[in-house]
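Novice: I have a structure here, written as structure tokens, and I will follow up with some questions on it.
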Amino acid sequence: MTTLKSKLQDDLNAAIKERDELRSSTLRLTLAAITKEEVAGKEKRELSDDEVQKVIAREAKKRREAADAFAQGGRPEQAEREKAEGEVLAGYLPKQLSDDELNAIVAQAVEEARAAGAEGPRAMGAVMKIVNPKVAGQAEGGRVAAAVKKRLAG
């Protein structure tokens with residue numbers, strides 16, 4: 001078992017002992033998603049820590065989207081629960097980049113792309129290829145794309 005997955009399992013056991021319903025249900029769902037990912041495909045496999053982290057990030061994104069949907073649907077108590085579950089999962093993800101840090105990385109990538117001959121809005125793909133490996137797991141794709149578009153337009 002990978003170290004991140006075993007940490008989730010240990011934290012789940014602790015949450016059950018403490019009778020922390022929110023934390024235990026969130027970790028159960030996340031571990032179920034990890035197991036589902038492990039058995040997907042032709043044969044069962046062990047996920048690496050990076051793959052486990054991607055599953056956790058996907059689950060956290062689902063929580064954020066659900067919280068927004070519940071808030072717009074007039075169900076604030078359900079939205080709060082989804083936000084709280086997202087915060088539990090955020091503890092297992094790497095720290096997100098601030099807007100300033102992200103903009104600095106994007107600015108550097110735009111300069112690299114321009115040096116390689118990419119110009120204007122068509123340079124989006126070239127810039128994204130440079131930025132994505134640098135910010136993997138530390139910034140959501142939509143946020144990165146928005147920063148790149150803003151930089152190329154400006």
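Identifiers in the structure tokens: chain A, B, ... in order shown; residue index from 1 per chain; ligand index from 1 in order shown.
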Extract, using only C-alpha atoms, all DNA, RNA and protein residues at most 12 Å from Asp100 (chain A), discarding same-chain residues fewer than 6 positions from it, and format them as an MDAnalysis selection string.
Specialist: chainID A and resid 106:107 144 147
Novice: Would you export the selected residues with C-alpha atoms as a PDB file, in the first residue's frame, please?
Specialist:
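Final file, part-v5.pdb:
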```pdb
ATOM      1  CA  VAL A 106       2.688  31.970 -16.672  1.00  0.00           C
ATOM      2  CA  ALA A 107       4.668  35.138 -17.510  1.00  0.00           C
ATOM      3  CA  VAL A 144      -4.178  28.085 -15.252  1.00  0.00           C
ATOM      4  CA  ALA A 147      -4.213  33.134 -16.346  1.00  0.00           C
TER       5      ALA A 147
END
```
Novice: Neighbours of region 33-36 of chain A within 10 Å (only C-alpha atoms; same-chain residues fewer than 5 positions away dropped), as number ranges by chain?
Specialist: A: 5, 27-28, 41, 44-47, 51-56, 58-59
Novice: With only C-alpha atoms as the atoms that count, which of A:Glu43, A:Glu85, A:Glu140, A:Glu38 lies nearest to Glu21 (chain A)?
Specialist: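 For Glu21 (chain A), the nearest of the candidates is A:Glu85.
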Novice: Using only C-alpha atoms, determine which residues lie at most 12 Å from Asp10 (chain A), disregarding the query and same-chain residues fewer than 3 positions distant; provide the list as a PDB file with all heavy atoms, in the first residue's frame.
Specialist:
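Full text of around-v5.pdb as output:
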```pdb
ATOM      1  N   MET A   1       0.849  -1.184   0.000  1.00  0.00           N
ATOM      2  CA  MET A   1       0.000   0.000   0.000  1.00  0.00           C
ATOM      3  C   MET A   1       0.891   1.242   0.000  1.00  0.00           C
ATOM      4  O   MET A   1       1.875   1.296   0.704  1.00  0.00           O
ATOM      5  CB  MET A   1      -0.895  -0.024   1.248  1.00  0.00           C
ATOM      6  CG  MET A   1      -2.025   0.961   1.197  1.00  0.00           C
ATOM      7  SD  MET A   1      -3.077   1.036   2.670  1.00  0.00           S
ATOM      8  CE  MET A   1      -3.772  -0.583   2.741  1.00  0.00           C
ATOM      9  N   THR A   3       2.146   5.111   0.621  1.00  0.00           N
ATOM     10  CA  THR A   3       2.172   5.845   1.889  1.00  0.00           C
ATOM     11  C   THR A   3       0.962   6.759   2.028  1.00  0.00           C
ATOM     12  O   THR A   3       0.406   6.876   3.114  1.00  0.00           O
ATOM     13  CB  THR A   3       3.466   6.665   2.018  1.00  0.00           C
ATOM     14  OG1 THR A   3       3.599   7.496   0.860  1.00  0.00           O
ATOM     15  CG2 THR A   3       4.675   5.776   2.139  1.00  0.00           C
ATOM     16  N   LEU A   4       0.547   7.407   0.932  1.00  0.00           N
ATOM     17  CA  LEU A   4      -0.604   8.308   1.003  1.00  0.00           C
ATOM     18  C   LEU A   4      -1.891   7.525   1.265  1.00  0.00           C
ATOM     19  O   LEU A   4      -2.719   7.926   2.081  1.00  0.00           O
ATOM     20  CB  LEU A   4      -0.722   9.123  -0.287  1.00  0.00           C
ATOM     21  CG  LEU A   4      -1.786  10.210  -0.323  1.00  0.00           C
ATOM     22  CD1 LEU A   4      -1.647  11.163   0.862  1.00  0.00           C
ATOM     23  CD2 LEU A   4      -1.703  10.992  -1.612  1.00  0.00           C
ATOM     24  N   LYS A   5      -2.031   6.385   0.600  1.00  0.00           N
ATOM     25  CA  LYS A   5      -3.228   5.569   0.805  1.00  0.00           C
ATOM     26  C   LYS A   5      -3.267   5.026   2.237  1.00  0.00           C
ATOM     27  O   LYS A   5      -4.320   5.019   2.879  1.00  0.00           O
ATOM     28  CB  LYS A   5      -3.273   4.420  -0.203  1.00  0.00           C
ATOM     29  CG  LYS A   5      -4.563   3.632  -0.134  1.00  0.00           C
ATOM     30  CD  LYS A   5      -4.615   2.550  -1.179  1.00  0.00           C
ATOM     31  CE  LYS A   5      -5.852   1.698  -0.996  1.00  0.00           C
ATOM     32  NZ  LYS A   5      -5.857   0.546  -1.885  1.00  0.00           N
ATOM     33  N   SER A   6      -2.132   4.597   2.762  1.00  0.00           N
ATOM     34  CA  SER A   6      -2.110   4.086   4.139  1.00  0.00           C
ATOM     35  C   SER A   6      -2.378   5.211   5.138  1.00  0.00           C
ATOM     36  O   SER A   6      -3.021   4.995   6.163  1.00  0.00           O
ATOM     37  CB  SER A   6      -0.791   3.373   4.446  1.00  0.00           C
ATOM     38  OG  SER A   6       0.297   4.238   4.289  1.00  0.00           O
ATOM     39  N   LYS A   7      -1.936   6.438   4.825  1.00  0.00           N
ATOM     40  CA  LYS A   7      -2.234   7.586   5.696  1.00  0.00           C
ATOM     41  C   LYS A   7      -3.742   7.843   5.711  1.00  0.00           C
ATOM     42  O   LYS A   7      -4.320   8.094   6.779  1.00  0.00           O
ATOM     43  CB  LYS A   7      -1.484   8.827   5.215  1.00  0.00           C
ATOM     44  CG  LYS A   7      -1.775  10.073   6.060  1.00  0.00           C
ATOM     45  CD  LYS A   7      -0.928  11.234   5.624  1.00  0.00           C
ATOM     46  CE  LYS A   7      -1.212  12.535   6.298  1.00  0.00           C
ATOM     47  NZ  LYS A   7      -1.894  12.557   7.556  1.00  0.00           N
ATOM     48  N   ASN A  13      -9.434   5.366  10.320  1.00  0.00           N
ATOM     49  CA  ASN A  13      -9.585   4.625  11.582  1.00  0.00           C
ATOM     50  C   ASN A  13      -9.642   5.579  12.773  1.00  0.00           C
ATOM     51  O   ASN A  13     -10.457   5.403  13.676  1.00  0.00           O
ATOM     52  CB  ASN A  13      -8.444   3.620  11.754  1.00  0.00           C
ATOM     53  CG  ASN A  13      -8.537   2.482  10.756  1.00  0.00           C
ATOM     54  OD1 ASN A  13      -9.603   2.189  10.236  1.00  0.00           O
ATOM     55  ND2 ASN A  13      -7.414   1.831  10.484  1.00  0.00           N
ATOM     56  N   ALA A  14      -8.801   6.600  12.766  1.00  0.00           N
ATOM     57  CA  ALA A  14      -8.801   7.583  13.852  1.00  0.00           C
ATOM     58  C   ALA A  14     -10.122   8.348  13.883  1.00  0.00           C
ATOM     59  O   ALA A  14     -10.687   8.588  14.959  1.00  0.00           O
ATOM     60  CB  ALA A  14      -7.633   8.549  13.679  1.00  0.00           C
ATOM     61  N   ALA A  15     -10.628   8.718  12.714  1.00  0.00           N
ATOM     62  CA  ALA A  15     -11.888   9.467  12.641  1.00  0.00           C
ATOM     63  C   ALA A  15     -13.055   8.625  13.149  1.00  0.00           C
ATOM     64  O   ALA A  15     -13.959   9.137  13.820  1.00  0.00           O
ATOM     65  CB  ALA A  15     -12.153   9.922  11.206  1.00  0.00           C
ATOM     66  N   ILE A  16     -13.036   7.336  12.854  1.00  0.00           N
ATOM     67  CA  ILE A  16     -14.096   6.441  13.333  1.00  0.00           C
ATOM     68  C   ILE A  16     -14.045   6.349  14.854  1.00  0.00           C
ATOM     69  O   ILE A  16     -15.077   6.431  15.527  1.00  0.00           O
ATOM     70  CB  ILE A  16     -13.976   5.047  12.680  1.00  0.00           C
ATOM     71  CG1 ILE A  16     -14.314   5.145  11.185  1.00  0.00           C
ATOM     72  CG2 ILE A  16     -14.885   4.042  13.368  1.00  0.00           C
ATOM     73  CD1 ILE A  16     -13.998   3.889  10.388  1.00  0.00           C
ATOM     74  N   LYS A  17     -12.836   6.204  15.399  1.00  0.00           N
ATOM     75  CA  LYS A  17     -12.683   6.117  16.859  1.00  0.00           C
ATOM     76  C   LYS A  17     -13.143   7.398  17.545  1.00  0.00           C
ATOM     77  O   LYS A  17     -13.695   7.364  18.636  1.00  0.00           O
ATOM     78  CB  LYS A  17     -11.233   5.812  17.226  1.00  0.00           C
ATOM     79  CG  LYS A  17     -10.845   4.380  16.943  1.00  0.00           C
ATOM     80  CD  LYS A  17      -9.387   4.121  17.264  1.00  0.00           C
ATOM     81  CE  LYS A  17      -9.012   2.710  16.858  1.00  0.00           C
ATOM     82  NZ  LYS A  17      -7.569   2.500  16.880  1.00  0.00           N
ATOM     83  N   SER A  24     -14.911  10.811   8.639  1.00  0.00           N
ATOM     84  CA  SER A  24     -14.911   9.381   8.317  1.00  0.00           C
ATOM     85  C   SER A  24     -15.677   9.104   7.020  1.00  0.00           C
ATOM     86  O   SER A  24     -15.223   8.315   6.188  1.00  0.00           O
ATOM     87  CB  SER A  24     -15.461   8.544   9.476  1.00  0.00           C
ATOM     88  OG  SER A  24     -16.805   8.857   9.734  1.00  0.00           O
ATOM     89  N   LEU A  27     -13.476  10.326   4.049  1.00  0.00           N
ATOM     90  CA  LEU A  27     -12.336   9.435   3.793  1.00  0.00           C
ATOM     91  C   LEU A  27     -12.804   8.094   3.234  1.00  0.00           C
ATOM     92  O   LEU A  27     -12.134   7.515   2.375  1.00  0.00           O
ATOM     93  CB  LEU A  27     -11.513   9.247   5.064  1.00  0.00           C
ATOM     94  CG  LEU A  27     -10.790  10.513   5.546  1.00  0.00           C
ATOM     95  CD1 LEU A  27     -10.074  10.261   6.856  1.00  0.00           C
ATOM     96  CD2 LEU A  27      -9.819  11.012   4.495  1.00  0.00           C
ATOM     97  N   ARG A  28     -13.955   7.605   3.688  1.00  0.00           N
ATOM     98  CA  ARG A  28     -14.497   6.356   3.139  1.00  0.00           C
ATOM     99  C   ARG A  28     -14.772   6.501   1.645  1.00  0.00           C
ATOM    100  O   ARG A  28     -14.410   5.628   0.857  1.00  0.00           O
ATOM    101  CB  ARG A  28     -15.808   5.982   3.848  1.00  0.00           C
ATOM    102  CG  ARG A  28     -15.633   5.070   4.987  1.00  0.00           C
ATOM    103  CD  ARG A  28     -16.978   4.469   5.402  1.00  0.00           C
ATOM    104  NE  ARG A  28     -16.814   3.861   6.692  1.00  0.00           N
ATOM    105  CZ  ARG A  28     -17.275   4.361   7.838  1.00  0.00           C
ATOM    106  NH1 ARG A  28     -17.968   5.465   7.842  1.00  0.00           N
ATOM    107  NH2 ARG A  28     -17.051   3.737   8.963  1.00  0.00           N
ATOM    108  N   LEU A  31     -11.440   6.688  -0.268  1.00  0.00           N
ATOM    109  CA  LEU A  31     -10.797   5.371  -0.371  1.00  0.00           C
ATOM    110  C   LEU A  31     -11.551   4.479  -1.353  1.00  0.00           C
ATOM    111  O   LEU A  31     -10.937   3.698  -2.089  1.00  0.00           O
ATOM    112  CB  LEU A  31     -10.685   4.718   1.007  1.00  0.00           C
ATOM    113  CG  LEU A  31      -9.568   5.296   1.875  1.00  0.00           C
ATOM    114  CD1 LEU A  31      -9.742   4.886   3.332  1.00  0.00           C
ATOM    115  CD2 LEU A  31      -8.204   4.848   1.360  1.00  0.00           C
TER     116      LEU A  31
END
```
Novice: From a DSSP calculation on the backbone, collect every residue of region 29-81 of chain A in helix (DSSP H, G or I) and output the set as a ChimeraX atom specification.
Specialist: /A:29-39,49-72,76-81
Novice: Env of Gly86 (chain A): 7 Å cut, atoms = only C-alpha atoms, seq-sep filter 5 positions within chain, self excluded. Answer as a ChimeraX atom specification.
Specialist: /A:60,63-64
Novice: Keeping N, CA, C and O atoms, export the residues of the selection given above as a tab-separated table (two decimals), in the first residue's frame.
Specialist:
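And here is the file that came out, selection_29.tsv:
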```tsv
chain	number	residue	atom	x	y	z
A	60	ALA	N	-11.96	16.22	-4.57
A	60	ALA	CA	-12.08	17.57	-4.01
A	60	ALA	C	-12.78	18.49	-5.00
A	60	ALA	O	-13.62	19.33	-4.61
A	63	ARG	N	-16.43	17.97	-4.90
A	63	ARG	CA	-17.03	18.61	-3.73
A	63	ARG	C	-17.25	20.10	-3.98
A	63	ARG	O	-18.28	20.64	-3.63
A	64	ARG	N	-16.26	20.76	-4.58
A	64	ARG	CA	-16.40	22.20	-4.87
A	64	ARG	C	-17.56	22.44	-5.83
A	64	ARG	O	-18.37	23.35	-5.62
```
Novice: With only C-alpha atoms as the counted atoms, please give the residues lying no more than 8 Å from Val110 (chain A), apart from itself and same-chain residues fewer than 5 positions off, as a list in words.
Specialist: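 Here the qualifying residues turn out to be Val127, Val148, Arg151 and Leu152 of chain A.
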Novice: So that I can see what lies close to Glu82 (chain A), please list as a PyMOL selection string the residues with an atom at most 9 Å from it, counting only C-alpha atoms and leaving out residues fewer than 2 positions away in the same chain.
Specialist: chain A and resi 62-68+70+77-80+84-87
Novice: Deliver the residues from the most recent selection as a file, using C-alpha atoms, as a PDB file, in the first residue's frame.
Specialist:
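Ended up saving to result39.pdb:
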```pdb
ATOM      1  CA  LYS A  62     -16.384  17.200  -7.216  1.00  0.00           C
ATOM      2  CA  ARG A  63     -17.032  18.611  -3.728  1.00  0.00           C
ATOM      3  CA  ARG A  64     -16.398  22.195  -4.869  1.00  0.00           C
ATOM      4  CA  GLU A  65     -18.705  21.797  -7.867  1.00  0.00           C
ATOM      5  CA  ALA A  66     -21.415  20.167  -5.733  1.00  0.00           C
ATOM      6  CA  ALA A  67     -21.142  22.956  -3.150  1.00  0.00           C
ATOM      7  CA  ASP A  68     -21.653  25.551  -5.896  1.00  0.00           C
ATOM      8  CA  PHE A  70     -26.266  23.276  -3.885  1.00  0.00           C
ATOM      9  CA  GLU A  77     -26.777  23.378   4.604  1.00  0.00           C
ATOM     10  CA  GLN A  78     -25.887  20.793   1.932  1.00  0.00           C
ATOM     11  CA  ALA A  79     -23.490  23.292   0.305  1.00  0.00           C
ATOM     12  CA  GLU A  80     -21.744  23.787   3.668  1.00  0.00           C
ATOM     13  CA  ALA A  84     -16.415  20.957   4.680  1.00  0.00           C
ATOM     14  CA  GLU A  85     -15.728  17.651   2.875  1.00  0.00           C
ATOM     15  CA  GLY A  86     -13.619  19.557   0.331  1.00  0.00           C
ATOM     16  CA  GLU A  87     -11.582  21.099   3.167  1.00  0.00           C
TER      17      GLU A  87
END
```
Novice: What gap, in Å, lies between CA of Gln138 (chain A) and CA of Lys95 (chain A)?
Specialist: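 Interatomic distance, CA of Gln138 (chain A) to CA of Lys95 (chain A): 6.3 Å.
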Novice: Rounded to one decimal in Å, what is the spacing between CA of Gln9 (chain A) and CA of Gly141 (chain A)?
Specialist: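 Separating CA of Gln9 (chain A) from CA of Gly141 (chain A) is a distance of 28.4 Å.
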